[in-house]
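Content type compact mmCIF, C-alpha atoms, from the file data-v3.txt:
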# COMPACT_ATOMS: atom_id res chain seq x y z
CA MET A 1 0.00 0.00 0.00
CA LYS A 2 1.39 3.39 -0.97
CA GLY A 3 0.06 6.09 1.37
CA ASP A 4 -3.67 5.82 1.95
CA ILE A 5 -4.56 5.25 -1.72
CA THR A 6 -4.51 1.64 -2.90
CA CYS A 7 -3.84 0.40 -6.42
CA LYS A 8 -7.54 -0.44 -6.69
CA ASP A 9 -8.44 3.13 -5.72
CA CYS A 10 -5.99 4.33 -8.33
CA VAL A 11 -7.62 2.31 -11.13
CA ASP A 12 -11.08 3.41 -9.98
CA LEU A 13 -10.04 7.07 -10.06
CA LEU A 14 -8.02 7.05 -13.30
CA MET A 15 -10.66 8.64 -15.46
CA ASP A 16 -11.26 11.49 -13.02
CA TYR A 17 -7.49 11.88 -12.69
CA ILE A 18 -7.01 12.21 -16.45
CA GLU A 19 -10.03 14.49 -16.79
CA ARG A 20 -8.78 16.60 -13.87
CA SER A 21 -12.13 16.32 -12.17
CA LEU A 22 -10.85 15.18 -8.76
CA ASP A 23 -10.79 17.52 -5.80
CA ALA A 24 -7.31 18.91 -5.11
CA ARG A 25 -6.64 16.73 -2.06
CA THR A 26 -7.57 13.44 -3.78
CA TYR A 27 -5.62 14.47 -6.88
CA ASP A 28 -2.49 15.09 -4.79
CA ARG A 29 -2.89 11.80 -2.91
CA LEU A 30 -3.29 9.91 -6.17
CA ASP A 31 -0.34 11.73 -7.68
CA GLU A 32 1.74 10.76 -4.68
CA HIS A 33 0.70 7.12 -5.05
CA LEU A 34 1.55 7.14 -8.75
CA GLN A 35 5.03 8.50 -8.07
CA SER A 36 5.89 5.50 -5.94
CA CYS A 37 3.96 2.71 -7.70
CA PRO A 38 5.37 1.50 -11.07
CA PRO A 39 2.46 -0.93 -11.77
CA CYS A 40 -0.01 1.94 -11.47
CA ILE A 41 2.16 4.12 -13.71
CA HIS A 42 2.10 1.29 -16.30
CA PHE A 43 -1.65 1.05 -15.95
CA LEU A 44 -2.14 4.80 -16.27
CA LYS A 45 0.03 4.98 -19.41
CA SER A 46 -1.71 2.10 -21.16
CA TYR A 47 -5.17 3.35 -20.16
CA ARG A 48 -4.42 6.83 -21.46
CA LYS A 49 -2.81 5.52 -24.64
CA CYS A 50 -5.81 3.37 -25.55
CA SER A 51 -8.01 6.42 -25.20
CA GLU A 52 -5.68 8.46 -27.43
CA LEU A 53 -5.42 5.71 -30.04
CA SER A 54 -9.21 5.55 -30.23
CA GLY A 55 -9.14 9.20 -31.27
CA GLN A 56 -7.16 8.19 -34.34
CA LEU A 57 -10.12 6.12 -35.54
CA ARG A 58 -11.89 9.42 -36.16
CA ASP A 59 -10.07 9.85 -39.42
CA GLN A 60 -10.34 6.28 -40.59
CA ARG A 61 -10.45 6.00 -44.33
CA VAL A 62 -13.25 3.86 -45.63
CA GLN A 63 -14.29 3.04 -49.13
CA ILE A 64 -17.82 2.67 -50.33
CA PRO A 65 -18.65 0.78 -53.50
CA LEU A 66 -19.56 2.84 -56.54
CA GLU A 67 -22.77 0.82 -56.74
CA LEU A 68 -23.80 2.05 -53.26
CA GLU A 69 -22.94 5.65 -54.15
CA ASN A 70 -25.09 5.42 -57.28
CA ARG A 71 -27.92 3.79 -55.35
CA LEU A 72 -27.82 6.61 -52.78
CA LYS A 73 -27.88 9.25 -55.51
CA GLY A 74 -30.90 7.62 -57.15
CA PHE A 75 -32.69 7.13 -53.83
CA LEU A 76 -32.21 10.73 -52.71
CA LYS A 77 -33.29 12.26 -55.99
CA GLU A 78 -36.41 10.09 -55.90
CA GLU A 79 -37.14 10.95 -52.23
CA VAL A 80 -36.81 14.73 -52.55
CA ARG A 81 -39.61 14.69 -55.08
CA LYS A 82 -41.94 13.27 -52.42
CA PRO A 83 -43.40 15.46 -49.66
CA PRO A 84 -41.68 14.82 -46.28
CA GLN A 85 -43.49 12.34 -44.04
CA PRO A 86 -44.14 13.07 -40.35
CA GLY A 87 -41.15 12.17 -38.17
CA LYS A 88 -38.72 12.12 -41.09
CA MET B 1 -12.84 16.31 -43.71
CA SER B 2 -12.14 19.65 -45.31
CA ILE B 3 -15.05 21.54 -46.74
CA ARG B 4 -12.60 23.25 -49.08
CA GLU B 5 -12.99 20.23 -51.35
CA ILE B 6 -16.31 21.66 -52.41
CA ASP B 7 -18.01 25.01 -52.50
CA GLN B 8 -20.14 24.96 -49.36
CA HIS B 9 -22.43 27.74 -50.49
CA GLN B 10 -23.09 26.04 -53.83
CA ILE B 11 -23.92 22.74 -52.13
CA ILE B 12 -26.29 24.37 -49.65
CA GLU B 13 -28.12 26.35 -52.29
CA GLY B 14 -28.27 23.32 -54.61
CA LEU B 15 -29.69 21.10 -51.87
CA LYS B 16 -32.26 23.73 -50.95
CA SER B 17 -33.46 23.79 -54.55
CA GLN B 18 -33.10 19.97 -54.77
CA ASN B 19 -30.87 20.28 -57.80
CA ALA B 20 -30.06 16.80 -59.15
CA ASP B 21 -26.40 17.55 -59.95
CA THR B 22 -25.86 18.98 -56.47
CA ILE B 23 -27.38 15.88 -54.88
CA ASP B 24 -24.94 13.75 -56.91
CA GLU B 25 -22.01 15.92 -55.80
CA PHE B 26 -23.23 15.95 -52.20
CA VAL B 27 -23.40 12.13 -52.11
CA HIS B 28 -20.01 11.84 -53.81
CA GLN B 29 -18.28 14.17 -51.34
CA PHE B 30 -19.99 13.26 -48.08
CA SER B 31 -21.06 9.62 -48.19
CA ARG B 32 -17.55 8.26 -47.61
CA PRO B 33 -16.62 10.34 -44.53
CA LEU B 34 -20.12 9.88 -43.13
CA PHE B 35 -19.88 6.13 -43.62
CA GLY B 36 -16.64 6.24 -41.57
CA VAL B 37 -18.43 8.08 -38.73
CA ILE B 38 -21.37 5.67 -38.77
CA LEU B 39 -19.12 2.59 -38.79
CA ASN B 40 -17.83 3.65 -35.39
CA TYR B 41 -21.28 2.93 -34.02
CA THR B 42 -22.10 -0.23 -35.90
CA LYS B 43 -19.80 -2.81 -37.40
CA ASN B 44 -22.55 -4.25 -39.57
CA PRO B 45 -22.16 -2.76 -43.08
CA SER B 46 -25.80 -3.25 -44.05
CA ASP B 47 -26.93 -1.39 -40.91
CA ALA B 48 -24.39 1.33 -41.70
CA GLU B 49 -25.71 1.63 -45.24
CA GLU B 50 -29.27 2.07 -43.98
CA ILE B 51 -28.16 4.67 -41.44
CA LEU B 52 -26.14 6.47 -44.13
CA GLN B 53 -29.07 6.59 -46.50
CA ASP B 54 -31.38 7.90 -43.79
CA THR B 55 -28.76 10.43 -42.65
CA LEU B 56 -28.25 11.87 -46.14
CA LEU B 57 -31.99 12.27 -46.57
CA LYS B 58 -32.32 13.97 -43.17
CA ILE B 59 -29.54 16.40 -44.09
CA ILE B 60 -31.32 17.40 -47.29
CA ARG B 61 -34.64 17.75 -45.46
CA LYS B 62 -33.05 19.90 -42.73
CA ILE B 63 -30.75 22.00 -44.91
CA GLU B 64 -33.03 25.03 -44.54
CA THR B 65 -32.22 25.10 -40.81
CA PHE B 66 -28.43 25.22 -41.31
CA ARG B 67 -26.82 28.55 -40.37
CA GLU B 68 -24.58 29.22 -43.29
CA GLU B 69 -21.95 31.28 -41.48
CA SER B 70 -20.60 28.11 -39.84
CA ASP B 71 -18.75 25.13 -41.30
CA ILE B 72 -21.23 22.56 -42.57
CA TRP B 73 -19.22 19.40 -41.72
CA PRO B 74 -19.71 19.48 -37.91
CA TRP B 75 -23.44 20.05 -38.49
CA ILE B 76 -23.65 17.15 -40.94
CA LYS B 77 -21.60 14.92 -38.67
CA ARG B 78 -23.84 15.69 -35.68
CA ILE B 79 -26.87 14.55 -37.67
CA ALA B 80 -25.04 11.31 -38.52
CA VAL B 81 -24.08 10.71 -34.88
CA ASN B 82 -27.60 11.40 -33.59
CA ASN B 83 -29.09 9.26 -36.31
CA SER B 84 -26.72 6.37 -35.58
CA ILE B 85 -27.57 6.42 -31.88
CA MET B 86 -31.29 6.66 -32.53
CA TRP B 87 -31.21 3.89 -35.11
CA LEU B 88 -29.16 1.57 -32.93
CA ARG B 89 -31.39 2.16 -29.95
CA LYS B 90 -34.40 1.26 -32.01
CA TYR B 91 -33.22 -1.72 -34.02
CA ARG B 92 -30.02 -3.21 -32.73
CA ALA B 93 -29.34 -2.70 -29.05
CA ALA B 94 -31.83 -5.25 -27.77
CA ARG B 95 -30.49 -7.95 -30.11
CA GLU B 96 -26.83 -7.50 -29.23
CA ARG B 97 -25.30 -10.22 -27.16
CA GLU B 98 -24.20 -9.24 -23.69
CA ILE B 99 -20.55 -9.60 -22.80
CA GLN B 100 -19.16 -9.68 -19.32
CA LEU B 101 -17.13 -6.51 -18.72
CA ASP B 102 -16.11 -7.70 -15.27
CA ASP B 103 -13.60 -10.06 -16.91
CA SER B 104 -11.61 -7.07 -18.12
CA LEU B 105 -11.30 -5.44 -14.70
CA PRO B 106 -7.96 -5.87 -12.94
CA GLN B 107 -8.12 -8.16 -9.92
CA PHE B 108 -7.03 -6.90 -6.50
CA THR B 109 -6.16 -8.37 -3.11
CA THR B 110 -8.31 -7.44 -0.12
CA ASP B 111 -5.89 -4.63 0.71
CA GLY B 112 -6.25 -3.15 -2.77
CA GLN B 113 -3.05 -4.32 -4.50
CA TYR B 114 -2.84 -5.98 -7.92
CA ILE B 115 -3.02 -9.78 -7.96
CA ASN B 116 -1.25 -9.69 -11.35
CA PRO B 117 0.57 -6.35 -11.58
CA PRO B 118 0.34 -4.78 -15.04
CA PHE B 119 3.52 -5.05 -17.09
CA GLY B 120 5.19 -2.04 -18.62
CA TRP B 121 4.46 -1.87 -22.35
CA SER B 122 7.87 -2.46 -23.86
CA VAL B 123 6.97 -0.56 -27.00
CA ASP B 124 6.92 3.06 -25.97
CA PRO B 125 3.20 3.86 -26.16
CA GLU B 126 4.05 7.41 -27.10
CA GLU B 127 5.67 6.14 -30.27
CA VAL B 128 2.98 3.67 -31.26
CA MET B 129 1.12 4.90 -34.29
CA LEU B 130 -2.20 3.45 -35.24
CA ASN B 131 -1.14 0.89 -37.83
CA ARG B 132 -3.62 -1.23 -39.73
CA GLU B 133 -3.32 -4.26 -37.44
CA LEU B 134 -3.59 -2.34 -34.19
CA GLY B 135 -6.33 -0.15 -35.63
CA GLY B 136 -8.29 -3.28 -36.53
CA GLU B 137 -7.88 -4.76 -33.06
CA LEU B 138 -8.86 -1.50 -31.43
CA TYR B 139 -11.90 -1.19 -33.66
CA ASP B 140 -12.94 -4.79 -32.94
CA ALA B 141 -12.53 -4.26 -29.19
CA ILE B 142 -14.75 -1.18 -29.29
CA GLN B 143 -17.32 -2.96 -31.43
CA ALA B 144 -17.37 -5.88 -28.99
CA LEU B 145 -18.64 -3.58 -26.24
CA PRO B 146 -22.37 -3.62 -25.47
CA PHE B 147 -24.28 -0.68 -26.94
CA GLU B 148 -24.62 1.18 -23.62
CA TYR B 149 -20.83 1.20 -23.13
CA ARG B 150 -19.78 1.51 -26.77
CA VAL B 151 -21.71 4.66 -27.61
CA PRO B 152 -20.42 6.81 -24.70
CA LEU B 153 -16.86 5.64 -25.44
CA VAL B 154 -17.14 6.45 -29.15
CA LEU B 155 -18.65 9.85 -28.39
CA ARG B 156 -15.88 10.68 -25.89
CA ASP B 157 -12.71 9.13 -27.28
CA ILE B 158 -13.42 9.14 -31.01
CA GLU B 159 -15.75 12.08 -31.51
CA GLY B 160 -14.41 14.21 -28.66
CA TYR B 161 -17.74 15.15 -27.07
CA SER B 162 -17.69 16.38 -23.45
CA ILE B 163 -19.15 14.32 -20.61
CA LYS B 164 -21.91 16.89 -20.30
CA GLN B 165 -22.79 16.68 -24.01
CA ILE B 166 -22.79 12.88 -23.96
CA SER B 167 -25.00 12.78 -20.88
CA SER B 168 -27.45 15.13 -22.51
CA LEU B 169 -27.42 13.25 -25.82
CA LEU B 170 -27.99 9.87 -24.17
CA GLY B 171 -30.24 11.03 -21.33
CA LEU B 172 -27.81 9.81 -18.66
CA LYS B 173 -26.60 11.36 -15.42
CA GLU B 174 -22.98 12.50 -15.67
CA PRO B 175 -21.61 9.99 -13.11
CA THR B 176 -23.27 7.15 -15.08
CA THR B 177 -21.72 8.41 -18.32
CA LYS B 178 -18.29 8.56 -16.70
CA THR B 179 -18.60 5.10 -15.20
CA ARG B 180 -19.58 3.62 -18.56
CA ILE B 181 -16.70 5.30 -20.38
CA HIS B 182 -14.26 4.17 -17.70
CA ARG B 183 -15.48 0.56 -17.82
CA ALA B 184 -15.35 0.62 -21.62
CA ARG B 185 -11.77 1.94 -21.58
CA LEU B 186 -10.72 -0.77 -19.12
CA PHE B 187 -12.23 -3.38 -21.45
CA VAL B 188 -10.46 -1.97 -24.52
CA ARG B 189 -7.17 -1.69 -22.63
CA GLU B 190 -7.41 -5.32 -21.58
CA LYS B 191 -8.19 -6.42 -25.15
CA LEU B 192 -5.18 -4.54 -26.54
CA ALA B 193 -2.73 -5.52 -23.78
CA HIS B 194 -1.63 -8.66 -25.63
CA TYR B 195 -0.78 -6.60 -28.71
CA PHE B 196 1.88 -4.77 -26.75
CA GLU B 197 2.89 -7.85 -24.78
CA ASP B 198 3.46 -9.75 -28.04
CA ALA B 199 5.68 -6.93 -29.27
CA ILE B 200 8.22 -7.56 -26.46
Would you kindly transcribe this structure into structure tokens?
Amino acid sequence: MKGDITCKDCVDLLMDYIERSLDARTYDRLDEHLQSCPPCIHFLKSYRKCSELSGQLRDQRVQIPLELENRLKGFLKEEVRKPPQPGK
Amino acid sequence: MSIREIDQHQIIEGLKSQNADTIDEFVHQFSRPLFGVILNYTKNPSDAEEILQDTLLKIIRKIETFREESDIWPWIKRIAVNNSIMWLRKYRAAREREIQLDDSLPQFTTDGQYINPPFGWSVDPEEVMLNRELGGELYDAIQALPFEYRVPLVLRDIEGYSIKQISSLLGLKEPTTKTRIHRARLFVREKLAHYFEDAI
């Protein structure tokens, strides 16, 4: 046990720690624990990295078949000629 | 995506007047990036196609409400995100198989220490770029999450929405949103751990 924060507490509080939404005293206690606990440092780094890597999926390049693109064009041009239905 | 690829004003005016050429151009320019956004919410391509079709139609129907002084992409993307969530709630969520997230939580002794301490990732995580293999594993891990965990995670870590925005969008209390994102991250971390372990 490092100080009065356990490794379990550390994992439970990681999100609030990263988001800086902990009160100052808890933040400092957690920070202190992290400075003296390599396993928790490893956990924090991997947890944070997974979150950052997910952000890279934002710009994922996908392809859509030309057939689908043409179908969408046809569908939309057909639909805009109709009056909108309730809830659409 | 960059709206510089097209003339935003021309597209907006063309969609308002339901010009056929503009609709073709609109589909050509936007369907691919929108499909990418939608695929973050559902892995099933046929579901994604239906959501895409419905999203494009909604955009055209709502184009009159767009305030032209702003960039159109965030507005379009928001419609796609809302539509994906609504669609999944309605048609898919109930049919998705439940997985046990507890398996991905680290195990602790009664005094709060790790039973199996996490190893240090030998590949410097700061230097790991999202290659195709890792990207695929990450995507699969996110898609394996149940709907109620996957959507908050996608909104936070992929789309960059705030906790407050996500809570409002999903009708959740903020602590619930945070708990779900945290549990989802722990699950994804556990699923990816072997990727880094194997790289030792």
**Request:** Would you list the contacts of B:Ser168 as a PyMOL selection string, taking every protein, DNA or RNA residue within 12 Å and counting only C-alpha atoms, but skipping same-chain residues closer than 4 positions in sequence?
**Result:** chain B and resi 82+152+155+161-164+172-174+176-177
Among the residues B:Gly136, B:Pro146, B:Gly36, B:Pro45, the one that comes closest to chain A [using all atoms listed in the file]: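 Of the candidates, the smallest distance to chain A is held by B:Gly36.
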* Distance query stretch 180-190 of chain B at most 9 Å, all atoms listed in the file, self and fewer than 4 positions along chain excluded, as a ChimeraX atom specification -> /A:12,14-15,46-51 /B:101-106,138,141-142,145,148-154,156-157,175-176,194
_Counting only C-alpha atoms, the residue of B:Ile158, B:Tyr114, B:Tyr139, B:Leu57 that sits nearest A:Val11_ =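 Of all the options, B:Tyr114 lies closest to A:Val11.
Of note, atom CA of B:Tyr195 and atom CA of B:Glu137 are spaced 8.5 Å apart.
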Problem - For A:Gly74: contacts at 12 Å, only C-alpha atoms, fewer than 3 positions along chain excluded, given as a list in words - result: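 The residues satisfying every condition are Glu67, Leu68, Glu69, Asn70, Arg71, Lys77, Glu78, Glu79, Val80 and Arg81 of chain A; Ala20, Asp21, Ile23, Asp24, Val27, Gln53 and Leu57 of chain B.
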*Using all atoms listed in the file, find which residues of chain A lie within 7 Å of chain B and jot them down as number ranges by chain.*
A: 1, 6-8, 15, 39, 42-43, 46-47, 49-51, 53-58, 60-64, 69, 72-73, 76-77, 80, 88
